[in-house]
Amino acid sequence: MQIYLPIAEMPISVLLILAMSVAVGFISGMFGIGGGFLMTPLLIFLGIPPAVAVATVTAQIAASSMTGALTYWRRRQLDLRLGSVLVAGGLIGTALGVLAFNAIRRAGQLDAVIMLSYLGLFVVIGGMMLFESLKAMLVARAGKPVRLERAGQHPAWLKLPWRVRFYRSRLYASVWPILGFAALVGFIGAVLGIGGGFIMVPALLYLFRVPTAVVVGTSLFQILTTMTAATLFHAASNQSVDIVLAILLIIGGVVGAQFGTRAARNLKGESFRLFLALLLLAVGMRFASEAVVKPDEVFSITVQGSR
Amino acid sequence: MAGRSRTQAWLASTLASALAFALASGLLLWPALPARAEELVASLSTHRVLIGSNYTGAQIAVFGSVEREGRSVGRADPYDIIVTVIGPRRQVVVREKSQHGLLWLNDAQRKFADAPSFLASMTNRTMAEMGSAEDARRLQVGLRNRLLPTTSAAAADPGLLRFVDALIRLKTEDKLYQEIERGVTFLTPSLFRSNIVLPATAPTGNYEVVVELVSGSVSLARQQTSFEVVQIGFEQRVAWVARNWSLTYGLMTAVMALIFGWLATVIFRRD
């Protein structure tokens, strides 16, 4: 069944889009990431103009993170106070990132910067998580108790002034390093055109030692606010949000996210980190192979001035 | 009955005015026109392609005839018809990847300020049969001759041809560029037809159709017409709102996303 997309100006298969968005929504609800880094390349591969793909995916991420965040909120696994600090830091970082994005684009090196950063981020973060989670699993198998979140034991840089108690996250820390980190994620996200959930989740886990379930809920809350703002921004500034495509993506995305949050519930912390690590490594490898293997077609075309 | 007679009256008056206009312009232009042995008449099966929610592309027939003056002498060479369809023009950047150490990165690029988003070149026989390469370039037959009408640009930039060929190759894969030799059929010695196959990804806008009558690589007559591709109904309204009420449109999309997100938690609620 085909339906015509009025903004992308092309027809698309309804069932294919629904199936893709259910799968990406599932991953989003399970790991607390937006899933834009999976969905956007898939849409571009189907022939949807990149600007429309990037802008429309923000609406899907807003919807699937809304449904995920609400579910975690009901289970009391969303730290609203920590989430608000992350949102504030993210806004500052995003504004700086947009400025950097334009500067890099003027220098004509955007493609290279995006590809190398993706590669570095996915391989480094994925590799570190893989190593750590495998070690934790081996320790768990040996019968020793595993505790990533050591309440009361905080590194020195969390003891800076302006300390706040984040009850649900079992965290008593200065706001400054959290703000700074959220700004960094916002900055990277704006340059790469992604939500940055896949950087935020490992950071909350390892650097701030927040419990896994709270990490997912809180990350989804942060993604929800930034992606709602991004949808408005894309619609107002470049009119590239396709509402027909958005509806299809949203329906699939929220259904997938619901099953994702349910699946995450039955997942142990170590296996959660292992699966996320494998997902990031797989995407990183794909980028790497794309950059290293000689492409079949060395030419590419970009249509400008349309949308 | 009333409706029918009104339609008839409207038809009659339209015909009458069209006839009067044709006569008047013919009389006015007649002394200025050079004496021509052949006259070319061509038309399209439709001048408006409508895009609805089930649009998957369109086909438009081009048909026409070569009208010969009775007193004219016969020509040594047969007639050739060249049909060229040119879609809305857009700026296109073609980039070429090359290897830097381990990595394949975008390197050289060429910008085409007004490359047609759709381009079709159809002839009744192959370009080689019609005449020399030089003739083809002069008549702008074929995709490459359309995109590079003069040799001076290619001479000034030796790499340009590579990028033009890449543009043609990539656009041809998407069926947005078409070069169809034997894409025009003569039904009788003077009556011809051709078919424009528009893929669903061809953008909205105005498409120019040029029909040219050639004999022995000499252009005898040329007729230009056009059709437009437009969205109708729901699609048109969505595109209009997105363009003119962009903030409201964004708010609508965002609110819809949040409502769907909330609805899913209600529907799937178990705990």
# chains A, B, ... in the order shown; residues from 1 in each chain; ligands from 1
>>> interface_residues(of="chain A", to="chain B", cutoff="6 Å", atoms="only C-alpha atoms", output="list in words")
Ile3, Tyr4, Pro6, Met10, Ala63, Ser64, Met66, Thr67, Thr228, Leu232, Ala235, Ala236, Gln239, Val254, Ala291, Val292, Val298, Phe299, Ser300, Ile301, Thr302, Val303 and Gln304 of chain A
>>> write_last_selection(atoms="C-alpha atoms", output="PDB file, in the first residue's frame")
ATOM      1  CA  ILE A   3       0.721   6.782   0.204  1.00  0.00           C
ATOM      2  CA  TYR A   4       1.936  10.104  -1.200  1.00  0.00           C
ATOM      3  CA  PRO A   6       3.052  15.985   0.497  1.00  0.00           C
ATOM      4  CA  MET A  10       7.111  11.163  -3.176  1.00  0.00           C
ATOM      5  CA  ALA A  63       6.244  10.824  20.502  1.00  0.00           C
ATOM      6  CA  SER A  64       8.148   7.661  21.396  1.00  0.00           C
ATOM      7  CA  MET A  66       6.790  10.847  25.498  1.00  0.00           C
ATOM      8  CA  THR A  67       5.251   7.402  25.797  1.00  0.00           C
ATOM      9  CA  THR A 228       9.606  18.740  20.830  1.00  0.00           C
ATOM     10  CA  LEU A 232       8.926  23.319  16.173  1.00  0.00           C
ATOM     11  CA  ALA A 235       8.854  23.315  10.948  1.00  0.00           C
ATOM     12  CA  ALA A 236       9.266  27.066  11.441  1.00  0.00           C
ATOM     13  CA  GLN A 239       9.291  23.881   6.541  1.00  0.00           C
ATOM     14  CA  VAL A 254       4.838   4.656  20.216  1.00  0.00           C
ATOM     15  CA  ALA A 291      34.376   5.255   5.170  1.00  0.00           C
ATOM     16  CA  VAL A 292      37.081   2.680   4.517  1.00  0.00           C
ATOM     17  CA  VAL A 298      32.181   7.687  -5.846  1.00  0.00           C
ATOM     18  CA  PHE A 299      29.819  10.452  -6.969  1.00  0.00           C
ATOM     19  CA  SER A 300      26.851  11.776  -5.030  1.00  0.00           C
ATOM     20  CA  ILE A 301      24.355  14.521  -5.784  1.00  0.00           C
ATOM     21  CA  THR A 302      22.728  17.018  -3.444  1.00  0.00           C
ATOM     22  CA  VAL A 303      19.752  19.046  -4.632  1.00  0.00           C
ATOM     23  CA  GLN A 304      19.702  22.468  -3.033  1.00  0.00           C
TER      24      GLN A 304
END
>>> select_by_dssp(residues="range 163-213 of chain A", states="helix (DSSP H, G or I)", output="JSON, numbers by chain")
{"A": [175, 176, 177, 178, 179, 180, 181, 182, 183, 184, 185, 186, 187, 188, 189, 190, 191, 192, 197, 198, 199, 200, 201, 202, 203, 204, 205, 206, 212, 213]}
>>> write_last_selection(atoms="N, CA and C atoms", output="PDB file, in the first residue's frame")
ATOM      1  N   VAL A 175      25.666  20.693  40.853  1.00  0.00           N
ATOM      2  CA  VAL A 175      24.944  20.867  39.597  1.00  0.00           C
ATOM      3  C   VAL A 175      25.916  21.139  38.441  1.00  0.00           C
ATOM      4  N   TRP A 176      27.081  21.755  38.743  1.00  0.00           N
ATOM      5  CA  TRP A 176      27.993  22.221  37.678  1.00  0.00           C
ATOM      6  C   TRP A 176      28.464  21.120  36.734  1.00  0.00           C
ATOM      7  N   PRO A 177      29.030  20.005  37.256  1.00  0.00           N
ATOM      8  CA  PRO A 177      29.483  18.985  36.293  1.00  0.00           C
ATOM      9  C   PRO A 177      28.332  18.413  35.468  1.00  0.00           C
ATOM     10  N   ILE A 178      27.127  18.318  36.058  1.00  0.00           N
ATOM     11  CA  ILE A 178      25.983  17.774  35.309  1.00  0.00           C
ATOM     12  C   ILE A 178      25.585  18.735  34.199  1.00  0.00           C
ATOM     13  N   LEU A 179      25.516  20.035  34.564  1.00  0.00           N
ATOM     14  CA  LEU A 179      25.196  21.061  33.565  1.00  0.00           C
ATOM     15  C   LEU A 179      26.217  21.038  32.439  1.00  0.00           C
ATOM     16  N   GLY A 180      27.490  20.969  32.830  1.00  0.00           N
ATOM     17  CA  GLY A 180      28.574  20.983  31.851  1.00  0.00           C
ATOM     18  C   GLY A 180      28.468  19.797  30.913  1.00  0.00           C
ATOM     19  N   PHE A 181      28.174  18.628  31.476  1.00  0.00           N
ATOM     20  CA  PHE A 181      28.099  17.443  30.633  1.00  0.00           C
ATOM     21  C   PHE A 181      26.904  17.513  29.695  1.00  0.00           C
ATOM     22  N   ALA A 182      25.752  17.973  30.225  1.00  0.00           N
ATOM     23  CA  ALA A 182      24.560  18.104  29.386  1.00  0.00           C
ATOM     24  C   ALA A 182      24.813  19.078  28.244  1.00  0.00           C
ATOM     25  N   ALA A 183      25.572  20.159  28.541  1.00  0.00           N
ATOM     26  CA  ALA A 183      25.900  21.136  27.497  1.00  0.00           C
ATOM     27  C   ALA A 183      26.756  20.479  26.419  1.00  0.00           C
ATOM     28  N   LEU A 184      27.714  19.644  26.837  1.00  0.00           N
ATOM     29  CA  LEU A 184      28.586  18.960  25.879  1.00  0.00           C
ATOM     30  C   LEU A 184      27.765  18.037  24.972  1.00  0.00           C
ATOM     31  N   VAL A 185      26.817  17.293  25.582  1.00  0.00           N
ATOM     32  CA  VAL A 185      25.975  16.385  24.786  1.00  0.00           C
ATOM     33  C   VAL A 185      25.119  17.190  23.808  1.00  0.00           C
ATOM     34  N   GLY A 186      24.552  18.317  24.304  1.00  0.00           N
ATOM     35  CA  GLY A 186      23.744  19.179  23.435  1.00  0.00           C
ATOM     36  C   GLY A 186      24.564  19.709  22.267  1.00  0.00           C
ATOM     37  N   PHE A 187      25.822  20.068  22.549  1.00  0.00           N
ATOM     38  CA  PHE A 187      26.730  20.597  21.531  1.00  0.00           C
ATOM     39  C   PHE A 187      26.989  19.544  20.453  1.00  0.00           C
ATOM     40  N   ILE A 188      27.362  18.337  20.890  1.00  0.00           N
ATOM     41  CA  ILE A 188      27.637  17.246  19.934  1.00  0.00           C
ATOM     42  C   ILE A 188      26.375  16.926  19.135  1.00  0.00           C
ATOM     43  N   GLY A 189      25.227  16.890  19.853  1.00  0.00           N
ATOM     44  CA  GLY A 189      23.962  16.575  19.191  1.00  0.00           C
ATOM     45  C   GLY A 189      23.628  17.568  18.094  1.00  0.00           C
ATOM     46  N   ALA A 190      23.839  18.855  18.364  1.00  0.00           N
ATOM     47  CA  ALA A 190      23.497  19.874  17.371  1.00  0.00           C
ATOM     48  C   ALA A 190      24.421  19.786  16.160  1.00  0.00           C
ATOM     49  N   VAL A 191      25.712  19.492  16.394  1.00  0.00           N
ATOM     50  CA  VAL A 191      26.660  19.399  15.277  1.00  0.00           C
ATOM     51  C   VAL A 191      26.349  18.176  14.419  1.00  0.00           C
ATOM     52  N   LEU A 192      26.006  17.055  15.070  1.00  0.00           N
ATOM     53  CA  LEU A 192      25.777  15.817  14.333  1.00  0.00           C
ATOM     54  C   LEU A 192      24.324  15.644  13.905  1.00  0.00           C
ATOM     55  N   GLY A 197      21.116  10.864  22.922  1.00  0.00           N
ATOM     56  CA  GLY A 197      20.744   9.922  23.975  1.00  0.00           C
ATOM     57  C   GLY A 197      21.798   8.847  24.178  1.00  0.00           C
ATOM     58  N   PHE A 198      22.426   8.426  23.091  1.00  0.00           N
ATOM     59  CA  PHE A 198      23.401   7.336  23.211  1.00  0.00           C
ATOM     60  C   PHE A 198      24.694   7.788  23.893  1.00  0.00           C
ATOM     61  N   ILE A 199      24.906   9.111  24.033  1.00  0.00           N
ATOM     62  CA  ILE A 199      26.051   9.594  24.812  1.00  0.00           C
ATOM     63  C   ILE A 199      25.596   9.812  26.254  1.00  0.00           C
ATOM     64  N   MET A 200      24.351  10.350  26.394  1.00  0.00           N
ATOM     65  CA  MET A 200      23.806  10.682  27.711  1.00  0.00           C
ATOM     66  C   MET A 200      23.657   9.432  28.584  1.00  0.00           C
ATOM     67  N   VAL A 201      23.123   8.352  27.990  1.00  0.00           N
ATOM     68  CA  VAL A 201      22.839   7.150  28.795  1.00  0.00           C
ATOM     69  C   VAL A 201      24.120   6.567  29.407  1.00  0.00           C
ATOM     70  N   PRO A 202      25.175   6.304  28.611  1.00  0.00           N
ATOM     71  CA  PRO A 202      26.398   5.784  29.240  1.00  0.00           C
ATOM     72  C   PRO A 202      26.990   6.763  30.252  1.00  0.00           C
ATOM     73  N   ALA A 203      26.901   8.070  29.974  1.00  0.00           N
ATOM     74  CA  ALA A 203      27.485   9.054  30.892  1.00  0.00           C
ATOM     75  C   ALA A 203      26.785   9.012  32.240  1.00  0.00           C
ATOM     76  N   LEU A 204      25.446   8.961  32.239  1.00  0.00           N
ATOM     77  CA  LEU A 204      24.704   8.899  33.504  1.00  0.00           C
ATOM     78  C   LEU A 204      25.034   7.604  34.244  1.00  0.00           C
ATOM     79  N   LEU A 205      25.202   6.534  33.494  1.00  0.00           N
ATOM     80  CA  LEU A 205      25.500   5.237  34.102  1.00  0.00           C
ATOM     81  C   LEU A 205      26.873   5.223  34.756  1.00  0.00           C
ATOM     82  N   TYR A 206      27.890   5.634  33.984  1.00  0.00           N
ATOM     83  CA  TYR A 206      29.260   5.434  34.436  1.00  0.00           C
ATOM     84  C   TYR A 206      29.795   6.622  35.218  1.00  0.00           C
ATOM     85  N   THR A 212      20.230   2.082  36.528  1.00  0.00           N
ATOM     86  CA  THR A 212      19.912   1.886  35.110  1.00  0.00           C
ATOM     87  C   THR A 212      18.500   2.336  34.735  1.00  0.00           C
ATOM     88  N   ALA A 213      17.481   1.886  35.506  1.00  0.00           N
ATOM     89  CA  ALA A 213      16.100   2.212  35.155  1.00  0.00           C
ATOM     90  C   ALA A 213      15.859   3.716  35.202  1.00  0.00           C
TER      91      ALA A 213
END
>>> select_by_dssp(residues="range 6-246 of chain B", states="strand (DSSP E)", output="number ranges by chain")
B: 38-44, 48-51, 58-68, 79-86, 89-100, 103-116, 119-123, 177-181, 184-186, 191-198, 205-215, 218-231
>>> residues_around(residues="range 114-128 of chain A", least_positions_apart="5", cutoff="7 Å", atoms="only C-alpha atoms", output="MDAnalysis selection string")
chainID A and resid 192 277:278 280:281 283:284 287:288
>>> atom_distance(atom1="CA of Leu171 in chain A", atom2="CA of Glu132 in chain A")
21.4 Å
>>> atom_distance(atom1="CA of Tyr207 in chain B", atom2="CA of Glu179 in chain B")
16.5 Å
>>> closest_atom_pairs(of="range 144-230 of chain A", to="range 16-32 of chain A", cutoff="6 Å", atoms="only C-alpha atoms", output="Markdown table")
| residue | atom | partner | partner_atom | distance |
| --- | --- | --- | --- | --- |
| A:Val216 | CA | A:Gly32 | CA | 4.3 |
| A:Ser219 | CA | A:Gly32 | CA | 5.8 |
| A:Leu220 | CA | A:Gly32 | CA | 5.3 |
>>> write_last_selection(atoms="C-alpha atoms", output="compact mmCIF listing (two decimals), in the first residue's frame")
# COMPACT_ATOMS: atom_id res chain seq x y z
CA VAL A 216 16.49 5.44 30.88
CA SER A 219 17.18 10.40 29.48
CA LEU A 220 13.81 9.95 27.75
>>> residues_around(residues="range 74-83 of chain A", least_positions_apart="2", cutoff="8 Å", atoms="only C-alpha atoms", output="PyMOL selection string")
chain A and resi 69-72+85-87+166-169+213-219+221-222
>>> atom_distance(atom1="CA of Val83 in chain B", atom2="CA of Arg137 in chain B")
14.9 Å
